[in-house]
Amino acid sequence: MKLIIAEKPSLARNIVNAIGKMKRYKNYYENDEYIVTWAFGHLFTLYDIEDYTNSSDRRWKVEGLPFFPESFKFNLKKDQNKQVDKGVIEQFEVIKTLCNRSDVDKIINAGDSDREGEIIVRLCVDHALEGEKEKLRLWLPDQTPETV
């Protein structure tokens with residue numbers, strides 16, 4: 001089974017229309033050969049400085065700058081109240097469940113054909129996948145149903 005993760009719902013619908021005859025479930029489509037789901041823009045954001053330092057003091061201090069983390073880390077996207085959005089959690093859980101299904105042997109990144117499109121889906125897969133599976137890239141010059 002091949003899991004296709006589109007960058008956004010509109011691209012997922014175009015892919016589903018091109019494949020044809022897929023059953024709709026909550027936040028994904030499926031037939032005997034493919035599963036299609038989506039992110040909706042950035043599900044992940046970079047850690048804030050406070051996340052790296054585990055500081056409860058949210059004020060910036062000159063003595064803490066410049067700040068260079070050893071490696072960049074990511075969180076699920078938060079709202080203005082610094083809470084992870086329920087829709088983000090729900091969609092990421094769908095992606096995580098589908099990535100780790102035992103019948104899925106290939107995961108296809110169908111992000112837009114630019115760096116941002118690549119990273120949006122890659123971050124989802126990197127945080128969701130709990131093992132090794134073949135990863136492929138679907139690169140589309142545009143997203144018309146005819147091209148897909």
# chains A, B, ... in the order shown; residues from 1 in each chain; ligands from 1
$ select_by_dssp --residues "region 15-127 of chain A" --states "alpha helix (DSSP H)" --output "PyMOL selection string"
chain A and resi 15-19+49-53+86-99+115-127
$ residues_around --residues "Arg13 (chain A)" --least-positions-apart "6" --cutoff "10 Å" --atoms "only C-alpha atoms" --output "ChimeraX atom specification"
/A:6,19,28-29,36-38,145
$ closest_atom_pairs --of "region 37-91 of chain A" --to "region 126-141 of chain A" --cutoff "10 Å" --atoms "only C-alpha atoms" --output "CSV"
residue,atom,partner,partner_atom,distance
A:Phe44,CA,A:His127,CA,9.5
A:Phe74,CA,A:His127,CA,9.1
A:Asn75,CA,A:His127,CA,9.6
A:Leu76,CA,A:His127,CA,9.8
$ residues_around --residues "Ile35 (chain A)" --least-positions-apart "2" --cutoff "12 Å" --atoms "only C-alpha atoms" --output "ChimeraX atom specification"
/A:1-6,12-13,15-16,19-25,27-33,37-38,94-95,97-99,101,103-108
$ select_by_dssp --residues "chain A" --states "strand (DSSP E or B)" --output "PyMOL selection string"
chain A and resi 2-6+23-25+28-30+34-38+44-46+74-76+78+84+106-110+134-137
$ write_last_selection --atoms "N, CA and C atoms" --output "mmCIF file, in the first residue's frame"
data_model
loop_
_atom_site.group_PDB
_atom_site.id
_atom_site.type_symbol
_atom_site.label_atom_id
_atom_site.label_comp_id
_atom_site.auth_asym_id
_atom_site.auth_seq_id
_atom_site.Cartn_x
_atom_site.Cartn_y
_atom_site.Cartn_z
ATOM 1 N N LYS A 2 0.505 2.231 -0.770
ATOM 2 C CA LYS A 2 1.255 3.480 -0.872
ATOM 3 C C LYS A 2 0.468 4.597 -0.179
ATOM 4 N N LEU A 3 1.129 5.274 0.750
ATOM 5 C CA LEU A 3 0.544 6.415 1.431
ATOM 6 C C LEU A 3 1.054 7.681 0.765
ATOM 7 N N ILE A 4 0.148 8.497 0.258
ATOM 8 C CA ILE A 4 0.490 9.777 -0.348
ATOM 9 C C ILE A 4 0.071 10.871 0.632
ATOM 10 N N ILE A 5 1.028 11.721 1.000
ATOM 11 C CA ILE A 5 0.734 12.834 1.902
ATOM 12 C C ILE A 5 0.882 14.125 1.113
ATOM 13 N N ALA A 6 -0.238 14.782 0.895
ATOM 14 C CA ALA A 6 -0.246 16.055 0.172
ATOM 15 C C ALA A 6 0.002 17.193 1.151
ATOM 16 N N LYS A 23 -12.483 5.546 -1.348
ATOM 17 C CA LYS A 23 -13.458 5.709 -0.277
ATOM 18 C C LYS A 23 -12.963 6.785 0.685
ATOM 19 N N ARG A 24 -13.856 7.688 1.057
ATOM 20 C CA ARG A 24 -13.496 8.773 1.973
ATOM 21 C C ARG A 24 -13.696 8.331 3.417
ATOM 22 N N TYR A 25 -12.700 8.596 4.226
ATOM 23 C CA TYR A 25 -12.760 8.419 5.668
ATOM 24 C C TYR A 25 -12.515 9.791 6.292
ATOM 25 N N TYR A 28 -8.837 11.293 5.375
ATOM 26 C CA TYR A 28 -8.052 10.577 4.368
ATOM 27 C C TYR A 28 -8.981 9.808 3.434
ATOM 28 N N TYR A 29 -8.394 9.368 2.317
ATOM 29 C CA TYR A 29 -9.089 8.549 1.323
ATOM 30 C C TYR A 29 -8.301 7.255 1.155
ATOM 31 N N GLU A 30 -8.998 6.192 0.698
ATOM 32 C CA GLU A 30 -8.301 4.925 0.539
ATOM 33 C C GLU A 30 -8.967 4.059 -0.523
ATOM 34 N N TYR A 34 -3.835 2.737 -2.771
ATOM 35 C CA TYR A 34 -3.372 4.027 -2.260
ATOM 36 C C TYR A 34 -4.178 4.490 -1.049
ATOM 37 N N ILE A 35 -3.495 5.247 -0.208
ATOM 38 C CA ILE A 35 -4.120 6.047 0.846
ATOM 39 C C ILE A 35 -3.653 7.475 0.583
ATOM 40 N N VAL A 36 -4.567 8.427 0.648
ATOM 41 C CA VAL A 36 -4.214 9.826 0.432
ATOM 42 C C VAL A 36 -4.686 10.636 1.637
ATOM 43 N N THR A 37 -3.764 11.373 2.225
ATOM 44 C CA THR A 37 -4.094 12.297 3.308
ATOM 45 C C THR A 37 -3.335 13.591 3.074
ATOM 46 N N TRP A 38 -3.368 14.497 4.034
ATOM 47 C CA TRP A 38 -2.792 15.828 3.799
ATOM 48 C C TRP A 38 -2.366 16.480 5.101
ATOM 49 N N PHE A 44 4.034 21.938 11.913
ATOM 50 C CA PHE A 44 5.137 22.084 12.862
ATOM 51 C C PHE A 44 5.737 23.477 12.766
ATOM 52 N N THR A 45 6.271 23.943 13.884
ATOM 53 C CA THR A 45 7.018 25.196 13.928
ATOM 54 C C THR A 45 8.300 24.952 14.720
ATOM 55 N N LEU A 46 9.264 25.825 14.510
ATOM 56 C CA LEU A 46 10.506 25.736 15.269
ATOM 57 C C LEU A 46 10.255 26.005 16.750
ATOM 58 N N PHE A 74 11.458 20.929 16.631
ATOM 59 C CA PHE A 74 10.149 21.375 16.177
ATOM 60 C C PHE A 74 9.054 20.916 17.131
ATOM 61 N N ASN A 75 8.019 21.728 17.232
ATOM 62 C CA ASN A 75 6.797 21.422 17.978
ATOM 63 C C ASN A 75 5.627 21.449 17.021
ATOM 64 N N LEU A 76 4.543 20.778 17.410
ATOM 65 C CA LEU A 76 3.301 20.987 16.691
ATOM 66 C C LEU A 76 2.901 22.454 16.854
ATOM 67 N N LYS A 78 1.274 25.935 17.513
ATOM 68 C CA LYS A 78 0.456 26.429 18.626
ATOM 69 C C LYS A 78 -0.322 27.673 18.206
ATOM 70 N N VAL A 84 -1.416 23.845 21.593
ATOM 71 C CA VAL A 84 -1.445 23.186 20.288
ATOM 72 C C VAL A 84 -2.884 23.125 19.820
ATOM 73 N N LYS A 106 5.228 2.166 1.360
ATOM 74 C CA LYS A 106 5.824 3.328 0.712
ATOM 75 C C LYS A 106 5.084 4.588 1.160
ATOM 76 N N ILE A 107 5.860 5.627 1.469
ATOM 77 C CA ILE A 107 5.287 6.918 1.835
ATOM 78 C C ILE A 107 5.739 7.919 0.787
ATOM 79 N N ILE A 108 4.766 8.563 0.158
ATOM 80 C CA ILE A 108 5.046 9.480 -0.947
ATOM 81 C C ILE A 108 4.766 10.910 -0.502
ATOM 82 N N ASN A 109 5.812 11.728 -0.549
ATOM 83 C CA ASN A 109 5.719 13.145 -0.218
ATOM 84 C C ASN A 109 5.167 13.873 -1.440
ATOM 85 N N ALA A 110 3.956 14.395 -1.302
ATOM 86 C CA ALA A 110 3.331 15.154 -2.391
ATOM 87 C C ALA A 110 3.184 16.615 -1.992
ATOM 88 N N GLU A 134 10.082 2.869 2.796
ATOM 89 C CA GLU A 134 10.576 3.545 1.604
ATOM 90 C C GLU A 134 9.862 4.884 1.460
ATOM 91 N N LYS A 135 10.648 5.935 1.204
ATOM 92 C CA LYS A 135 10.095 7.274 1.029
ATOM 93 C C LYS A 135 10.355 7.726 -0.403
ATOM 94 N N LEU A 136 9.312 8.230 -1.033
ATOM 95 C CA LEU A 136 9.388 8.706 -2.409
ATOM 96 C C LEU A 136 8.886 10.147 -2.461
ATOM 97 N N ARG A 137 9.151 10.799 -3.588
ATOM 98 C CA ARG A 137 8.724 12.191 -3.766
ATOM 99 C C ARG A 137 7.913 12.309 -5.044
#
$ closest_residue --among "A:Phe68, A:Lys73, A:Arg115, A:Leu11" --to "Asp51 (chain A)" --atoms "only C-alpha atoms"
A:Lys73
$ closest_residue --among "A:Lys26, A:Lys8, A:Lys82, A:Lys61" --to "Tyr47 (chain A)" --atoms "only C-alpha atoms"
A:Lys82
